[in-house]
>>> print(open('target.txt').read())   # compact mmCIF, C-alpha atoms
# COMPACT_ATOMS: atom_id res chain seq x y z
CA MET A 277 0.00 0.00 0.00
CA VAL A 278 1.28 3.45 -0.95
CA ASN A 279 0.53 6.36 1.39
CA THR A 280 0.59 10.03 0.46
CA LEU A 281 2.92 12.47 2.20
CA GLY A 282 2.21 16.18 1.92
CA VAL A 283 5.41 18.08 1.12
CA ALA A 284 6.30 21.76 0.93
CA VAL A 285 9.26 23.74 -0.35
CA VAL A 286 10.59 26.89 1.34
CA GLY A 287 12.65 29.06 -1.01
CA PHE A 288 12.14 28.66 -4.73
CA GLY A 289 15.37 29.52 -6.42
CA TRP A 290 17.24 26.95 -8.47
CA MET A 291 17.58 24.49 -5.59
CA GLY A 292 13.88 24.75 -4.76
CA ARG A 293 13.12 23.72 -8.32
CA VAL A 294 15.57 20.81 -8.09
CA HIS A 295 13.89 19.52 -4.92
CA THR A 296 10.43 19.88 -6.45
CA GLN A 297 11.42 18.00 -9.58
CA ALA A 298 13.01 15.28 -7.46
CA TYR A 299 9.73 14.78 -5.57
CA SER A 300 7.85 14.57 -8.87
CA ARG A 301 10.25 11.99 -10.30
CA LEU A 302 10.37 9.70 -7.26
CA PRO A 303 7.44 7.44 -8.28
CA HIS A 304 9.03 6.87 -11.70
CA HIS A 305 12.47 5.85 -10.45
CA PHE A 306 11.56 4.30 -7.09
CA PRO A 307 8.01 2.94 -7.42
CA GLU A 308 8.56 0.60 -4.47
CA LEU A 309 8.61 3.49 -1.99
CA PRO A 310 5.64 3.20 0.40
CA LEU A 311 5.30 7.00 0.48
CA ARG A 312 4.32 9.16 -2.49
CA PRO A 313 4.95 12.91 -2.16
CA GLU A 314 2.11 15.36 -2.82
CA LEU A 315 3.07 18.98 -3.54
CA VAL A 316 1.04 20.91 -0.96
CA ALA A 317 2.68 24.33 -0.55
CA VAL A 318 5.55 26.51 -1.71
CA ALA A 319 6.78 29.68 -0.02
CA ASP A 320 9.08 32.42 -1.25
CA GLU A 321 9.26 36.05 -0.17
CA VAL A 322 10.04 37.33 -3.69
CA PRO A 323 6.74 38.58 -5.17
CA GLY A 324 5.32 36.23 -7.79
CA ARG A 325 7.92 33.49 -7.40
CA ALA A 326 5.75 31.12 -5.34
CA GLU A 327 2.76 31.70 -7.62
CA GLU A 328 4.84 30.82 -10.66
CA ALA A 329 6.09 27.67 -8.93
CA ALA A 330 2.52 26.65 -8.13
CA ARG A 331 1.43 27.16 -11.75
CA ARG A 332 4.37 25.26 -13.17
CA TYR A 333 4.58 22.33 -10.75
CA GLY A 334 1.10 22.03 -9.26
CA PHE A 335 1.52 23.08 -5.63
CA ALA A 336 -1.87 23.49 -3.98
CA SER A 337 -0.84 26.69 -2.16
CA ALA A 338 1.54 29.56 -2.95
CA LEU A 339 2.71 31.62 0.04
CA ARG A 340 5.00 34.52 0.92
CA ASP A 341 5.52 33.53 4.57
CA TRP A 342 7.09 30.14 5.36
CA ARG A 343 5.51 30.22 8.83
CA GLU A 344 2.19 29.34 7.24
CA ILE A 345 3.73 26.05 6.15
CA ALA A 346 4.82 25.27 9.71
CA ALA A 347 1.18 25.67 10.79
CA ASP A 348 -0.31 23.68 7.90
CA PRO A 349 -1.53 20.22 9.02
CA ARG A 350 -1.50 19.00 5.41
CA VAL A 351 2.32 19.22 5.33
CA GLY A 352 4.31 16.32 6.75
CA ALA A 353 7.71 17.10 5.25
CA VAL A 354 9.49 20.28 4.15
CA SER A 355 12.38 21.05 1.82
CA ILE A 356 14.39 24.00 3.13
CA THR A 357 16.16 25.60 0.18
CA ALA A 358 16.18 29.20 1.39
CA PRO A 359 19.44 31.19 1.85
CA ASN A 360 21.91 29.92 4.45
CA PHE A 361 21.16 32.50 7.14
CA LEU A 362 17.54 31.29 7.33
CA HIS A 363 18.35 27.60 7.73
CA ARG A 364 18.51 27.59 11.52
CA GLU A 365 15.29 29.51 12.11
CA ILE A 366 13.28 27.60 9.53
CA GLY A 367 14.79 24.20 10.36
CA VAL A 368 14.12 24.51 14.09
CA ALA A 369 10.60 25.85 13.53
CA MET A 370 9.65 23.07 11.11
CA ALA A 371 11.03 20.34 13.37
CA GLU A 372 9.20 21.78 16.37
CA ALA A 373 6.02 21.77 14.27
CA GLY A 374 6.52 18.04 13.70
CA LYS A 375 7.65 18.29 10.08
CA HIS A 376 10.38 16.07 8.66
CA ILE A 377 13.01 18.24 6.94
CA TRP A 378 15.18 17.91 3.86
CA ILE A 379 17.58 20.81 4.27
CA GLU A 380 20.35 22.09 2.05
CA LYS A 381 23.86 22.35 3.36
CA PRO A 382 25.58 23.97 5.17
CA VAL A 383 22.57 24.01 7.59
CA GLY A 384 23.11 27.55 8.83
CA LEU A 385 26.20 29.68 9.18
CA THR A 386 28.08 27.86 11.96
CA ALA A 387 28.37 24.56 13.78
CA GLU A 388 26.18 26.08 16.49
CA ASP A 389 23.42 26.58 13.90
CA ALA A 390 23.75 23.02 12.62
CA ARG A 391 23.64 21.67 16.17
CA ALA A 392 20.50 23.67 16.90
CA VAL A 393 18.69 22.17 13.91
CA ALA A 394 19.97 18.67 14.71
CA GLY A 395 18.84 19.06 18.31
CA ALA A 396 15.36 20.22 17.28
CA VAL A 397 15.02 17.28 14.88
CA ALA A 398 16.07 14.79 17.56
CA ALA A 399 13.81 16.32 20.21
CA ALA A 400 10.80 16.28 17.89
CA GLY A 401 11.40 12.71 16.75
CA VAL A 402 11.31 13.68 13.08
CA HIS A 403 13.81 12.85 10.35
CA GLY A 404 16.32 15.15 8.71
CA THR A 405 18.15 14.64 5.42
CA VAL A 406 20.92 17.01 4.27
CA GLY A 407 21.83 18.00 0.72
CA PHE A 408 25.25 16.38 0.38
CA ASN A 409 24.38 15.04 -3.05
CA TYR A 410 27.83 14.18 -4.42
CA ARG A 411 28.12 11.18 -2.10
CA ASN A 412 25.14 9.73 -4.02
CA ALA A 413 27.05 9.38 -7.30
CA PRO A 414 27.32 5.65 -8.10
CA ALA A 415 31.05 6.02 -8.77
CA VAL A 416 31.53 7.51 -5.30
CA GLU A 417 29.55 4.61 -3.82
CA ALA A 418 31.76 2.19 -5.75
CA ALA A 419 34.89 3.94 -4.49
CA ARG A 420 33.65 3.70 -0.91
CA GLU A 421 33.03 -0.03 -1.27
CA LEU A 422 36.48 -0.61 -2.77
CA ILE A 423 38.16 1.31 0.04
CA ALA A 424 36.19 -0.53 2.74
CA ALA A 425 37.08 -3.89 1.17
CA GLY A 426 40.79 -3.03 1.14
CA GLY A 427 40.83 -2.80 -2.64
CA ILE A 428 43.61 -0.19 -2.69
CA GLY A 429 45.24 -1.27 0.57
CA ALA A 430 45.42 1.18 3.46
CA VAL A 431 44.58 4.70 2.34
CA THR A 432 47.62 6.95 2.65
CA HIS A 433 46.50 10.29 1.23
CA VAL A 434 43.68 12.03 -0.63
CA ARG A 435 43.27 15.21 -2.62
CA ILE A 436 39.76 16.70 -2.92
CA ARG A 437 39.09 19.66 -5.20
CA LEU A 438 36.04 21.86 -5.74
CA PHE A 439 36.79 24.59 -8.28
CA SER A 440 34.16 26.74 -9.97
CA ASP A 441 33.86 30.07 -11.78
CA TYR A 442 30.34 31.06 -10.68
CA ALA A 443 31.73 34.07 -8.76
CA ALA A 444 34.69 34.83 -11.04
CA HIS A 445 33.09 37.71 -12.98
CA PRO A 446 33.93 41.05 -11.34
CA GLU A 447 30.39 42.26 -12.13
CA GLY A 448 28.82 39.47 -10.08
CA ALA A 449 26.23 41.07 -7.80
CA LEU A 450 26.89 41.55 -4.08
CA THR A 451 24.14 39.18 -2.97
CA TRP A 452 23.67 37.55 0.43
CA ARG A 453 26.25 34.93 -0.56
CA TYR A 454 29.07 37.44 -0.04
CA GLU A 455 27.97 38.77 3.36
CA ARG A 456 29.31 37.18 6.53
CA GLY A 457 26.00 37.68 8.36
CA ARG A 458 23.88 36.00 5.69
CA GLY A 459 26.26 33.91 3.58
CA GLY A 460 28.45 32.69 6.42
CA SER A 461 31.93 31.52 5.46
CA GLY A 462 31.56 31.92 1.69
CA VAL A 463 33.24 29.20 -0.34
CA LEU A 464 33.74 27.14 2.82
CA GLY A 465 30.02 26.65 3.36
CA ASP A 466 29.16 26.58 -0.32
CA LEU A 467 31.77 24.17 -1.71
CA ALA A 468 34.18 23.01 0.99
CA SER A 469 31.24 21.62 2.98
CA HIS A 470 30.76 19.10 0.16
CA GLY A 471 34.49 18.31 0.24
CA VAL A 472 34.40 17.63 3.97
CA ASP A 473 31.41 15.35 3.55
CA LEU A 474 33.11 13.40 0.76
CA ALA A 475 36.26 13.10 2.85
CA ARG A 476 34.35 11.74 5.84
CA TYR A 477 32.10 9.51 3.76
CA LEU A 478 35.04 7.86 2.02
CA LEU A 479 37.80 7.92 4.65
CA GLY A 480 36.23 8.42 8.07
CA ASP A 481 36.61 11.09 10.72
CA ILE A 482 38.96 14.06 10.40
CA ALA A 483 41.15 14.47 13.49
CA SER A 484 42.80 17.84 12.82
CA LEU A 485 43.42 20.37 10.08
CA THR A 486 45.18 23.57 9.12
CA ALA A 487 43.80 26.01 6.55
CA ASP A 488 44.50 29.16 4.57
CA THR A 489 41.80 31.38 3.04
CA ALA A 490 41.66 34.38 0.72
CA VAL A 491 39.32 36.90 -0.91
CA PHE A 492 40.35 37.56 -4.53
CA VAL A 493 37.43 39.80 -5.61
CA PRO A 494 37.22 42.24 -2.68
CA GLU A 495 34.34 44.42 -3.92
CA ARG A 496 31.11 43.83 -5.84
CA ALA A 497 28.19 45.97 -6.99
CA ARG A 498 24.99 45.92 -4.97
CA PRO A 499 21.97 44.60 -6.95
CA ALA A 500 19.08 46.93 -7.72
CA GLY A 501 16.36 44.36 -6.96
CA ALA A 502 15.65 40.71 -6.16
CA THR A 503 18.23 38.24 -7.40
CA ALA A 504 18.29 34.57 -8.28
CA GLY A 505 21.37 32.48 -8.85
CA HIS A 506 24.54 34.41 -9.69
CA THR A 507 23.20 37.70 -11.08
CA ARG A 508 25.43 40.46 -12.47
CA ALA A 509 25.07 44.06 -11.33
CA ALA A 510 27.32 46.37 -13.34
CA GLY A 511 27.36 50.02 -12.28
CA GLY A 512 25.81 49.59 -8.86
CA GLU A 513 27.21 50.92 -5.59
CA LEU A 514 30.24 48.89 -4.57
CA GLY A 515 30.35 47.03 -1.28
CA PRO A 516 32.89 44.75 0.39
CA VAL A 517 33.00 40.98 -0.03
CA GLU A 518 33.02 39.78 3.59
CA ASN A 519 33.65 36.07 3.21
CA ASP A 520 36.18 33.88 1.47
CA ASP A 521 36.60 33.11 -2.22
CA TYR A 522 39.23 30.43 -1.65
CA VAL A 523 40.33 27.86 0.91
CA SER A 524 43.14 25.32 1.00
CA CYS A 525 43.32 22.86 3.85
CA LEU A 526 45.61 20.07 5.06
CA LEU A 527 43.76 17.22 6.77
CA ARG A 528 44.81 14.52 9.20
CA PHE A 529 42.34 11.65 9.48
CA ALA A 530 41.73 9.52 12.54
CA SER A 531 42.97 6.56 10.46
CA GLY A 532 46.36 8.22 10.01
CA ALA A 533 45.75 9.13 6.37
CA ARG A 534 46.60 12.63 5.16
CA GLY A 535 44.59 14.86 2.87
CA VAL A 536 44.43 18.11 0.92
CA LEU A 537 41.11 19.89 0.37
CA GLU A 538 40.99 22.91 -1.91
CA ALA A 539 37.95 24.95 -2.98
CA CYS A 540 37.50 28.15 -4.96
CA ARG A 541 34.47 30.00 -6.36
CA VAL A 542 36.42 32.42 -8.58
CA SER A 543 38.50 29.95 -10.64
CA VAL A 544 38.42 31.29 -14.21
CA GLY A 545 38.24 28.40 -16.66
CA GLU A 546 36.79 25.96 -14.14
CA GLN A 547 33.16 24.88 -14.33
CA ASN A 548 32.14 22.47 -11.56
CA ASN A 549 35.57 20.88 -11.43
CA TYR A 550 34.84 18.68 -8.44
CA GLY A 551 36.54 15.41 -7.68
CA PHE A 552 39.12 13.43 -5.76
CA GLU A 553 42.25 11.33 -6.03
CA ILE A 554 42.66 8.72 -3.30
CA HIS A 555 45.92 6.80 -2.90
CA GLY A 556 46.50 3.63 -0.91
CA THR A 557 49.37 1.28 -0.26
CA THR A 558 48.44 -0.94 -3.24
CA GLY A 559 46.36 1.28 -5.54
CA ALA A 560 44.48 4.48 -6.25
CA LEU A 561 41.04 5.83 -7.20
CA PHE A 562 40.19 8.88 -9.31
CA TRP A 563 36.81 10.61 -9.81
CA ASP A 564 35.72 13.75 -11.65
CA PHE A 565 32.12 14.96 -11.24
CA ARG A 566 32.10 16.18 -14.85
CA ARG A 567 32.60 12.54 -15.92
CA MET A 568 30.34 11.29 -13.16
CA GLY A 569 29.94 7.74 -14.40
CA GLU A 570 33.65 6.96 -14.60
CA LEU A 571 35.94 5.79 -11.81
CA GLY A 572 39.67 5.59 -12.44
CA VAL A 573 41.05 2.50 -10.70
CA SER A 574 44.63 1.33 -10.19
CA ARG A 575 44.90 -2.03 -8.43
CA GLY A 576 47.39 -4.85 -8.38
CA THR A 577 50.81 -5.82 -7.11
CA GLU A 578 53.04 -3.85 -9.44
CA TYR A 579 53.32 -0.67 -7.37
CA GLN A 580 55.68 1.12 -9.75
CA ASP A 581 54.29 1.74 -13.26
CA GLN A 582 50.97 0.20 -12.26
CA PRO A 583 48.35 1.20 -14.87
CA VAL A 584 45.07 3.02 -14.28
CA THR A 585 41.91 1.68 -15.92
CA THR A 586 38.55 3.37 -16.35
CA ARG A 587 35.61 1.60 -14.78
CA TYR A 588 32.21 2.67 -16.10
CA VAL A 589 29.64 2.37 -13.34
CA GLY A 590 26.56 0.28 -13.98
CA PRO A 591 23.42 -1.21 -12.44
CA GLY A 592 25.35 -2.81 -9.57
CA ASP A 593 26.67 0.53 -8.30
CA GLY A 594 24.71 2.70 -5.88
CA GLU A 595 21.27 3.61 -7.23
CA TYR A 596 22.37 3.55 -10.88
CA ALA A 597 19.85 0.85 -11.85
CA ALA A 598 16.94 3.15 -10.99
CA PHE A 599 17.99 5.46 -13.83
CA GLN A 600 19.81 3.48 -16.52
CA PRO A 601 19.75 -0.15 -17.71
CA GLY A 602 23.41 -0.59 -18.63
CA SER A 603 26.89 0.65 -17.87
CA ALA A 604 28.23 3.94 -19.25
CA ASN A 605 24.83 5.58 -19.76
CA ALA A 606 25.07 9.08 -18.30
CA MET A 607 23.41 10.24 -15.10
CA SER A 608 22.93 13.88 -14.10
CA TYR A 609 23.19 16.21 -11.11
CA ASP A 610 19.40 16.19 -10.81
CA ASP A 611 19.43 12.38 -10.63
CA LEU A 612 21.59 12.62 -7.51
CA LYS A 613 18.91 14.78 -5.88
CA VAL A 614 16.27 12.17 -6.76
CA VAL A 615 18.41 9.64 -4.87
CA GLU A 616 18.58 12.10 -1.98
CA ALA A 617 14.78 12.47 -2.01
CA ARG A 618 14.49 8.70 -1.90
CA HIS A 619 16.74 8.58 1.18
CA PHE A 620 14.53 11.23 2.79
CA LEU A 621 11.23 9.45 2.21
CA ARG A 622 12.72 6.07 3.04
CA SER A 623 13.91 7.42 6.39
CA ILE A 624 10.40 8.68 7.13
CA ALA A 625 8.73 5.45 6.03
CA GLU A 626 11.08 3.05 7.80
CA GLY A 627 11.95 5.11 10.86
CA GLY A 628 15.72 4.81 10.36
CA ALA A 629 18.37 7.08 8.92
CA HIS A 630 19.25 6.78 5.22
CA GLY A 631 21.61 9.09 3.37
CA ALA A 632 23.29 12.17 4.79
CA THR A 633 21.89 13.20 8.18
CA LEU A 634 21.98 16.22 10.47
CA ASP A 635 24.87 14.52 12.29
CA ASP A 636 26.81 14.67 9.02
CA ALA A 637 25.90 18.35 8.70
CA VAL A 638 27.18 19.04 12.21
CA ALA A 639 30.45 17.21 11.51
CA SER A 640 30.95 19.20 8.30
CA ALA A 641 30.17 22.49 10.06
CA VAL A 642 32.63 21.68 12.86
CA ALA A 643 35.36 21.21 10.25
CA LEU A 644 34.43 24.47 8.50
CA ASP A 645 34.55 26.40 11.77
CA ALA A 646 37.94 24.82 12.46
CA MET A 647 39.17 25.96 9.02
CA THR A 648 38.13 29.52 9.84
CA ARG A 649 39.91 29.45 13.22
CA SER A 650 43.00 27.88 11.68
CA ALA A 651 43.21 30.52 8.95
CA GLU A 652 42.86 33.30 11.53
CA ARG A 653 45.47 31.85 13.89
CA GLY A 654 47.84 30.19 11.43
CA THR A 655 47.82 26.95 13.44
CA TRP A 656 46.62 23.37 13.35
CA VAL A 657 43.20 22.87 14.96
CA THR A 658 41.98 19.63 16.53
CA LEU A 659 38.37 18.74 15.79
CA ASP A 660 36.09 18.00 18.72
>>> encode(input="target.txt", output="structure tokens")
Amino acid sequence: MVNTLGVAVVGFGWMGRVHTQAYSRLPHHFPELPLRPELVAVADEVPGRAEEAARRYGFASALRDWREIAADPRVGAVSITAPNFLHREIGVAMAEAGKHIWIEKPVGLTAEDARAVAGAVAAAGVHGTVGFNYRNAPAVEAARELIAAGGIGAVTHVRIRLFSDYAAHPEGALTWRYERGRGGSGVLGDLASHGVDLARYLLGDIASLTADTAVFVPERARPAGATAGHTRAAGGELGPVENDDYVSCLLRFASGARGVLEACRVSVGEQNNYGFEIHGTTGALFWDFRRMGELGVSRGTEYQDQPVTTRYVGPGDGEYAAFQPGSANAMSYDDLKVVEARHFLRSIAEGGAHGATLDDAVASAVALDAMTRSAERGTWVTLD
């Protein structure tokens, strides 16, 4: 028997659309789920945005104030895709109202914010899923299984990169993303949070780290009106960029492995260049998000001059079979969010945690706060 779950979306920029489309696609890719989402309400403070979302996707209600969703008995689960500075307030309020939450990272501006949301979720007995979508790539799942099985020996070191050019243009508008009070730590929360989650998901806990940060575009023009995505604002009044464009970080894992994590939002010539290289005592693994279905694998007993082969993921890897029938057929970013939606509804239906949780969000936020302290002090920081 399939039951209906009323869902709502708070914040309808690009990520709000991605969540909505993921809900709509769930029955097609995962028909065995005992819960079927019903689009009940959408809220966005920008005039007309919620109404357009309702017309396009079929939400029953279009609202300006997200608090109306918290009070709506038709809603059992909420996607929180509003700007970072609203995550704590909305997340806590929805959990206290008894709503399950699917919340985008970095779950607030600090580890304290993430802990507050996690605490509210635990106290209310609801479920929380977090938007660390890159761990859902079948090639990442395959890499995790190989590492756990000792397929490349003991992991010695890893390099994780997240380079993008979405903020590289000097005319990029001074939106909330570049303010410390609303955008938090900048590229740390936006991109490095994903890198921390991948590092932990693949290699386990991080014991300590040291980091360096920089702002490369120190001023931007203030936008004249409401913005969505990465809007340009040539000619406007200039204001300071308050958070970081770049971070590099050395990691020490509890296992003894070492790592390098580097992220930048102003890398000219780089479009979503996300990936990792993981080296072990007998092999190595290589993954590039832009070639999401490929995993570079070096295994054997040769050590020196050992070749690397390309493994194309297929139906036996992660949730690949829900999307494609045979190896080497391409999956997309949006497919990863459908997998995430499945984890969310499965957690609600079964009463257990599936996918990235609020605990993962707290762990990521703790590492990001440690990076900020390390960059300020110029020292290694031990993670609690």
>>> closest_residue(input="target.txt", among="A:Tyr579, A:Tyr596, A:Trp290, A:Tyr477", to="Arg420 (chain A)", atoms="only C-alpha atoms")
A:Tyr477
>>> residues_around(input="target.txt", residues="Val536 (chain A)", least_positions_apart="3", cutoff="8 Å", atoms="all atoms listed in the file", output="number ranges by chain")
A: 434-436, 524-527
>>> closest_residue(input="target.txt", among="A:Ser608, A:Ser603, A:Ser640, A:Thr357", to="Ala413 (chain A)", atoms="only C-alpha atoms")
A:Ser608
>>> closest_residue(input="target.txt", among="A:Ile345, A:Ala298, A:Ala392, A:Val286", to="Ala329 (chain A)", atoms="all atoms listed in the file")
A:Val286
>>> atom_distance(input="target.txt", atom1="CA of His433 (chain A)", atom2="CA of Val406 (chain A)")
26.6 Å
>>> atom_distance(input="target.txt", atom1="CA of Leu537 (chain A)", atom2="CA of Val294 (chain A)")
26.9 Å
>>> closest_residue(input="target.txt", among="A:Ala606, A:Leu659, A:Leu422, A:Ala483", to="Gly559 (chain A)", atoms="only C-alpha atoms")
A:Leu422
>>> atom_distance(input="target.txt", atom1="CA of Met568 (chain A)", atom2="CA of Gly594 (chain A)")
12.6 Å
>>> closest_residue(input="target.txt", among="A:Ala390, A:Leu514, A:Ala625, A:Ala373", to="Pro310 (chain A)", atoms="only C-alpha atoms")
A:Ala625
>>> closest_residue(input="target.txt", among="A:Asp341, A:Asp466, A:Glu518, A:Glu513", to="Val491 (chain A)", atoms="all atoms listed in the file")
A:Glu518
>>> residues_near_point(input="target.txt", point="(4.5, 14.5, -1.4)", cutoff="9 Å", atoms="only C-alpha atoms", output="list in words")
Thr280, Leu281, Gly282, Val283, Ala284, Tyr299, Ser300, Leu311, Arg312, Pro313, Glu314, Leu315, Val316, Val351, Gly352 and Ala353 of chain A
>>> residues_around(input="target.txt", residues="Arg325 (chain A)", least_positions_apart="3", cutoff="10 Å", atoms="only C-alpha atoms", output="ChimeraX atom specification")
/A:287-289,318-322,328-330,338-340
>>> residues_around(input="target.txt", residues="Gly576 (chain A)", least_positions_apart="6", cutoff="12 Å", atoms="only C-alpha atoms", output="list in words")
Gly426, Gly427, Ile428, Gly429, Gly556, Thr557, Thr558, Gly559, Ala560, Gln582, Pro583, Val584 and Thr585 of chain A
>>> residues_around(input="target.txt", residues="Ala444 (chain A)", least_positions_apart="4", cutoff="10 Å", atoms="only C-alpha atoms", output="list of chain:residue names")
A:Ser440, A:Gly448, A:Phe492, A:Val493, A:Asp521, A:Cys540, A:Arg541, A:Val542, A:Ser543, A:Val544, A:Gly545, A:Glu546
